>>> print(open('data.json').read())   # JSON, C-alpha atoms
[["chain", "number", "residue", "atom", "x", "y", "z"],
["A", 349, "MET", "CA", 97.52, 29.02, 86.42],
["A", 350, "ARG", "CA", 96.43, 31.16, 83.45],
["A", 351, "ALA", "CA", 93.25, 32.16, 85.34],
["A", 352, "LEU", "CA", 95.35, 33.21, 88.32],
["A", 353, "LYS", "CA", 97.64, 35.35, 86.09],
["A", 354, "ARG", "CA", 94.58, 37.03, 84.54],
["A", 355, "ARG", "CA", 93.23, 37.87, 88.01],
["A", 356, "ILE", "CA", 96.62, 39.35, 89.03],
["A", 357, "LEU", "CA", 96.79, 41.48, 85.86],
["A", 358, "VAL", "CA", 93.23, 42.75, 86.36],
["A", 359, "ALA", "CA", 93.97, 43.62, 89.99],
["A", 360, "ALA", "CA", 97.15, 45.46, 88.98],
["A", 361, "ALA", "CA", 95.28, 47.42, 86.33],
["A", 362, "LEU", "CA", 92.66, 48.46, 88.87],
["A", 363, "VAL", "CA", 95.31, 49.62, 91.31],
["A", 364, "VAL", "CA", 97.07, 51.67, 88.64],
["A", 365, "GLY", "CA", 93.78, 53.02, 87.34],
["A", 366, "VAL", "CA", 92.76, 54.28, 90.80],
["A", 367, "SER", "CA", 96.10, 55.46, 92.11],
["A", 368, "VAL", "CA", 97.13, 57.56, 89.12],
["A", 369, "PRO", "CA", 94.03, 59.83, 89.09],
["A", 370, "LEU", "CA", 94.35, 60.28, 92.88],
["A", 371, "PHE", "CA", 97.99, 61.34, 92.49],
["A", 372, "VAL", "CA", 97.11, 63.82, 89.72],
["A", 373, "ALA", "CA", 94.26, 65.31, 91.74],
["A", 374, "ALA", "CA", 96.46, 65.90, 94.79],
["A", 375, "ALA", "CA", 99.29, 67.54, 92.83],
["A", 376, "PRO", "CA", 97.94, 71.12, 92.34],
["A", 377, "THR", "CA", 98.82, 73.49, 95.20],
["A", 378, "GLN", "CA", 97.84, 77.08, 95.90],
["A", 379, "ALA", "CA", 100.39, 79.55, 94.56],
["A", 380, "ALA", "CA", 102.28, 81.47, 97.23],
["A", 381, "ASN", "CA", 101.28, 85.10, 97.65],
["A", 382, "PRO", "CA", 104.22, 87.17, 96.34],
["A", 383, "GLY", "CA", 103.27, 90.06, 98.60],
["A", 384, "LEU", "CA", 104.63, 93.58, 98.25],
["A", 385, "THR", "CA", 108.20, 94.84, 98.54],
["A", 386, "PHE", "CA", 109.30, 98.49, 98.62],
["A", 387, "THR", "CA", 112.10, 100.67, 99.93],
["A", 388, "MET", "CA", 112.23, 103.49, 102.45],
["A", 389, "VAL", "CA", 114.47, 106.55, 102.23],
["A", 390, "ARG", "CA", 115.97, 109.02, 104.67],
["A", 391, "SER", "CA", 113.42, 111.42, 106.09],
["A", 392, "ALA", "CA", 113.32, 115.04, 104.96],
["A", 393, "GLY", "CA", 114.72, 116.05, 108.36],
["A", 394, "ALA", "CA", 117.66, 113.65, 108.02],
["A", 395, "VAL", "CA", 118.41, 114.83, 104.49],
["A", 396, "ASN", "CA", 118.28, 118.50, 105.49],
["A", 397, "ALA", "CA", 120.66, 117.80, 108.38],
["A", 398, "ASN", "CA", 122.91, 115.61, 106.20],
["A", 399, "CYS", "CA", 122.75, 112.75, 108.71],
["A", 400, "LEU", "CA", 122.11, 109.00, 108.34],
["A", 401, "THR", "CA", 123.86, 109.19, 104.98],
["A", 402, "ASN", "CA", 124.35, 105.41, 104.77],
["A", 403, "ALA", "CA", 120.89, 104.37, 105.97],
["A", 404, "THR", "CA", 118.77, 102.04, 103.83],
["A", 405, "ALA", "CA", 115.58, 100.09, 104.50],
["A", 406, "THR", "CA", 113.45, 97.53, 102.69],
["A", 407, "VAL", "CA", 109.89, 96.51, 103.59],
["A", 408, "HIS", "CA", 108.16, 93.25, 102.66],
["A", 409, "VAL", "CA", 104.43, 92.75, 103.25],
["A", 410, "VAL", "CA", 102.71, 89.38, 102.81],
["A", 411, "SER", "CA", 98.94, 88.81, 102.86],
["A", 412, "HIS", "CA", 97.59, 85.89, 104.89],
["A", 413, "GLU", "CA", 93.91, 86.43, 103.97],
["A", 414, "LEU", "CA", 92.80, 87.49, 107.47],
["A", 415, "THR", "CA", 95.82, 89.69, 108.19],
["A", 416, "GLU", "CA", 99.24, 90.74, 106.88],
["A", 417, "THR", "CA", 102.80, 90.48, 108.13],
["A", 418, "MET", "CA", 105.12, 93.43, 107.51],
["A", 419, "THR", "CA", 108.88, 92.98, 107.85],
["A", 420, "VAL", "CA", 111.17, 96.02, 107.96],
["A", 421, "ARG", "CA", 114.91, 95.47, 107.45],
["A", 422, "ALA", "CA", 117.27, 98.43, 107.79],
["A", 423, "ALA", "CA", 121.03, 98.93, 107.59],
["A", 424, "GLY", "CA", 123.49, 101.78, 107.89],
["A", 425, "LEU", "CA", 121.93, 102.95, 111.16],
["A", 426, "PRO", "CA", 123.87, 104.11, 114.23],
["A", 427, "ALA", "CA", 125.02, 101.11, 116.26],
["A", 428, "HIS", "CA", 122.65, 100.15, 119.10],
["A", 429, "ALA", "CA", 120.26, 103.03, 118.34],
["A", 430, "LYS", "CA", 116.56, 102.55, 119.10],
["A", 431, "PHE", "CA", 113.70, 103.56, 116.82],
["A", 432, "ASP", "CA", 109.89, 103.55, 116.79],
["A", 433, "LEU", "CA", 107.91, 102.33, 113.78],
["A", 434, "PHE", "CA", 104.61, 103.94, 112.74],
["A", 435, "VAL", "CA", 102.02, 103.63, 109.99],
["A", 436, "THR", "CA", 101.16, 107.15, 108.87],
["A", 437, "GLN", "CA", 98.77, 109.06, 106.66],
["A", 438, "LEU", "CA", 101.54, 111.29, 105.23],
["A", 439, "PRO", "CA", 105.25, 110.52, 104.82],
["A", 440, "ASN", "CA", 106.40, 114.00, 105.86],
["A", 441, "ALA", "CA", 105.36, 116.50, 108.52],
["A", 442, "PRO", "CA", 102.67, 116.99, 109.72],
["A", 443, "PHE", "CA", 102.28, 113.17, 109.17],
["A", 444, "GLY", "CA", 98.50, 113.11, 109.71],
["A", 445, "VAL", "CA", 96.87, 110.14, 111.44],
["A", 446, "SER", "CA", 99.67, 107.90, 112.74],
["A", 447, "TRP", "CA", 99.62, 104.53, 114.52],
["A", 448, "TYR", "CA", 102.45, 103.08, 116.64],
["A", 449, "GLN", "CA", 103.43, 99.60, 115.42],
["A", 450, "SER", "CA", 106.68, 98.47, 117.02],
["A", 451, "ASP", "CA", 110.11, 99.29, 118.36],
["A", 452, "LEU", "CA", 113.14, 98.77, 116.13],
["A", 453, "GLN", "CA", 116.59, 98.10, 117.60],
["A", 454, "ALA", "CA", 119.87, 98.42, 115.68],
["A", 455, "ASP", "CA", 122.63, 95.94, 116.47],
["A", 456, "ARG", "CA", 126.34, 96.76, 116.77],
["A", 457, "TYR", "CA", 126.60, 96.73, 112.97],
["A", 458, "GLY", "CA", 123.77, 99.23, 112.52],
["A", 459, "ARG", "CA", 121.34, 96.61, 111.22],
["A", 460, "ALA", "CA", 117.76, 96.29, 112.44],
["A", 461, "SER", "CA", 114.82, 94.04, 111.62],
["A", 462, "VAL", "CA", 111.29, 93.62, 112.93],
["A", 463, "THR", "CA", 108.13, 91.81, 111.80],
["A", 464, "VAL", "CA", 104.69, 93.02, 112.82],
["A", 465, "VAL", "CA", 101.24, 91.54, 112.24],
["A", 466, "GLY", "CA", 98.21, 93.67, 111.36],
["A", 467, "ARG", "CA", 96.38, 95.16, 108.41],
["A", 468, "PHE", "CA", 98.94, 96.59, 105.99],
["A", 469, "SER", "CA", 97.08, 96.82, 102.69],
["A", 470, "VAL", "CA", 94.52, 98.88, 100.81],
["A", 471, "GLU", "CA", 92.22, 98.23, 103.81],
["A", 472, "THR", "CA", 94.49, 100.01, 106.32],
["A", 473, "PHE", "CA", 92.56, 102.93, 107.80],
["A", 474, "ALA", "CA", 91.50, 104.74, 110.96],
["A", 475, "VAL", "CA", 88.03, 106.11, 111.72],
["A", 476, "ALA", "CA", 86.33, 108.05, 114.52],
["A", 477, "PRO", "CA", 82.55, 108.04, 114.00],
["A", 478, "GLY", "CA", 82.17, 110.39, 116.95],
["A", 479, "SER", "CA", 84.06, 112.28, 119.63],
["A", 480, "GLY", "CA", 84.54, 110.83, 123.11],
["A", 481, "VAL", "CA", 86.68, 110.75, 126.21],
["A", 482, "ALA", "CA", 90.23, 109.41, 125.72],
["A", 483, "PRO", "CA", 92.62, 108.03, 128.36],
["A", 484, "THR", "CA", 95.48, 110.34, 129.35],
["A", 485, "PRO", "CA", 98.32, 108.27, 130.86],
["A", 486, "HIS", "CA", 100.68, 111.12, 129.91],
["A", 487, "SER", "CA", 98.94, 114.07, 131.54],
["A", 488, "GLY", "CA", 99.45, 117.35, 129.76],
["A", 489, "ILE", "CA", 100.55, 115.62, 126.55],
["A", 490, "ASP", "CA", 97.71, 113.25, 125.63],
["A", 491, "ALA", "CA", 94.47, 114.57, 124.17],
["A", 492, "ALA", "CA", 91.53, 114.11, 126.53],
["A", 493, "SER", "CA", 89.13, 113.52, 123.65],
["A", 494, "ASN", "CA", 89.24, 112.70, 119.95],
["A", 495, "PRO", "CA", 87.94, 114.67, 116.98],
["A", 496, "GLN", "CA", 85.30, 113.05, 114.81],
["A", 497, "PHE", "CA", 86.54, 112.04, 111.37],
["A", 498, "ALA", "CA", 85.54, 109.85, 108.44],
["A", 499, "PRO", "CA", 87.74, 106.90, 107.41],
["A", 500, "ILE", "CA", 91.31, 108.00, 106.67],
["A", 501, "HIS", "CA", 93.64, 105.54, 104.96],
["A", 502, "THR", "CA", 97.19, 105.29, 106.25],
["A", 503, "PHE", "CA", 99.38, 103.90, 103.47],
["A", 504, "HIS", "CA", 102.80, 105.25, 104.53],
["A", 505, "ILE", "CA", 105.29, 104.05, 107.13],
["A", 506, "GLY", "CA", 108.17, 105.73, 108.93],
["A", 507, "PHE", "CA", 110.40, 105.25, 111.93],
["A", 508, "TRP", "CA", 111.68, 107.79, 114.42],
["A", 509, "PHE", "CA", 114.67, 107.94, 116.74],
["A", 510, "ASN", "CA", 113.47, 106.76, 120.14],
["A", 511, "SER", "CA", 115.20, 109.74, 121.78],
["A", 512, "PRO", "CA", 116.75, 113.08, 120.82],
["A", 513, "ALA", "CA", 120.00, 111.76, 122.36],
["A", 514, "ASP", "CA", 120.14, 108.91, 119.81],
["A", 515, "ALA", "CA", 119.47, 111.44, 117.06],
["A", 516, "ALA", "CA", 122.24, 113.73, 118.32],
["A", 517, "ASN", "CA", 124.70, 110.81, 118.40],
["A", 518, "ALA", "CA", 123.93, 110.30, 114.70],
["A", 519, "GLY", "CA", 124.53, 113.97, 113.90],
["A", 520, "CYS", "CA", 120.80, 114.67, 113.50],
["A", 521, "PRO", "CA", 118.77, 117.50, 115.11],
["A", 522, "THR", "CA", 117.61, 117.07, 118.72],
["A", 523, "THR", "CA", 113.99, 118.00, 118.04],
["A", 524, "VAL", "CA", 111.51, 116.29, 120.40],
["A", 525, "THR", "CA", 108.51, 114.58, 118.76],
["A", 526, "PRO", "CA", 105.60, 112.50, 120.14],
["A", 527, "PHE", "CA", 106.51, 109.35, 118.18],
["A", 528, "ASN", "CA", 107.28, 106.89, 120.97],
["A", 529, "GLY", "CA", 105.42, 105.37, 123.91],
["A", 530, "GLU", "CA", 106.30, 108.28, 126.22],
["A", 531, "HIS", "CA", 105.91, 110.95, 123.46],
["A", 532, "THR", "CA", 109.57, 111.97, 123.85],
["A", 533, "ALA", "CA", 111.02, 110.66, 120.58],
["A", 534, "GLY", "CA", 113.57, 112.26, 118.29],
["A", 535, "ILE", "CA", 113.17, 113.20, 114.65],
["A", 536, "GLN", "CA", 111.93, 110.90, 111.94],
["A", 537, "ALA", "CA", 114.82, 108.82, 110.59],
["A", 538, "MET", "CA", 113.35, 107.09, 107.52],
["A", 539, "SER", "CA", 110.05, 107.18, 105.66],
["A", 540, "THR", "CA", 108.23, 106.33, 102.46],
["A", 541, "ARG", "CA", 108.44, 109.91, 101.17],
["A", 542, "ASN", "CA", 109.69, 108.32, 97.93],
["A", 543, "PHE", "CA", 105.96, 107.75, 97.29],
["A", 544, "ALA", "CA", 103.38, 110.50, 96.73],
["A", 545, "ASP", "CA", 101.40, 111.74, 99.74],
["A", 546, "ALA", "CA", 98.12, 110.20, 98.56],
["A", 547, "ASP", "CA", 99.73, 107.08, 97.04],
["A", 548, "GLY", "CA", 101.59, 105.35, 99.87],
["A", 549, "PRO", "CA", 102.97, 101.88, 99.18],
["A", 550, "LEU", "CA", 100.65, 99.92, 101.50],
["A", 551, "GLY", "CA", 97.70, 100.84, 99.27],
["A", 552, "ARG", "CA", 99.20, 98.76, 96.48],
["A", 553, "LEU", "CA", 98.53, 95.48, 98.26],
["A", 554, "THR", "CA", 94.93, 94.71, 97.30],
["A", 555, "SER", "CA", 94.54, 91.08, 98.40]]
>>> encode(input="data.json", output="structure tokens")
Amino acid sequence: MRALKRRILVAAALVVGVSVPLFVAAAPTQAANPGLTFTMVRSAGAVNANCLTNATATVHVVSHELTETMTVRAAGLPAHAKFDLFVTQLPNAPFGVSWYQSDLQADRYGRASVTVVGRFSVETFAVAPGSGVAPTPHSGIDAASNPQFAPIHTFHIGFWFNSPADAANAGCPTTVTPFNGEHTAGIQAMSTRNFADADGPLGRLTS
């Protein structure tokens, strides 16, 4: 009987001795990436026209190693208004190199939210090593070729009224701009002009 008890105790010790180190080794987990959070403000055009006085927006960018997700949440917008979201070189006119990202739709309470996937970090840039023929689905508006340019980083974001009519309904100017899919958008509504031209917020996410 004593020999049997000794064998049971030895077996129990072995089990404990193996299982505890395995548990400890499996415990550490990779820390979550905190990402980058920043605010947007009313565009210069909206401020000059004293419109969108209650508009606010917050942006959260999270790195996923191979790509990033960028979530824009806005409030205080005109109910049911439509907007177009762009990544831009400059926060104010003339805006520089700009890339269409997504539509943004306000609900009946003037709130809007969208999440897009892409490169939204210090590695966000556009480049044209040479000039070439470009498609022109909007004849007379689209450029038929591109200029050559070295890499240009685009660290700002902004969104535009999808139409001058939506802008007018919000008390904003009815200026027509090319910032939607048909190039018939209204004025810029919100931007990251609260950051310096050459120091846009997307450049602060380095990994």
>>> closest_residue(input="data.json", among="A:Ile489, A:Leu425, A:Leu414, A:Val409", to="Gly529 (chain A)", atoms="all atoms listed in the file")
A:Ile489
>>> closest_residue(input="data.json", among="A:Gly488, A:Gly424, A:Gly444, A:Pro495", to="Ala460 (chain A)", atoms="all atoms listed in the file")
A:Gly424
>>> residues_around(input="data.json", residues="region 445-454 of chain A", least_positions_apart="2", cutoff="9 Å", atoms="only C-alpha atoms", output="ChimeraX atom specification")
/A:420,422-423,425-438,443,456-466,474,500-502,505,507,510,527-529
>>> atom_distance(input="data.json", atom1="CA of Phe503 (chain A)", atom2="CA of Thr419 (chain A)")
15.1 Å
>>> closest_residue(input="data.json", among="A:Ser511, A:Pro442, A:Gly551, A:Ser487", to="Phe473 (chain A)", atoms="only C-alpha atoms")
A:Gly551
>>> residues_around(input="data.json", residues="Gly393 (chain A)", least_positions_apart="3", cutoff="7 Å", atoms="all atoms listed in the file", output="list in words")
Asn396, Ala397 and Gln536 of chain A
>>> closest_residue(input="data.json", among="A:Ala533, A:Thr525, A:Thr472, A:Trp508", to="Ala394 (chain A)", atoms="all atoms listed in the file")
A:Trp508
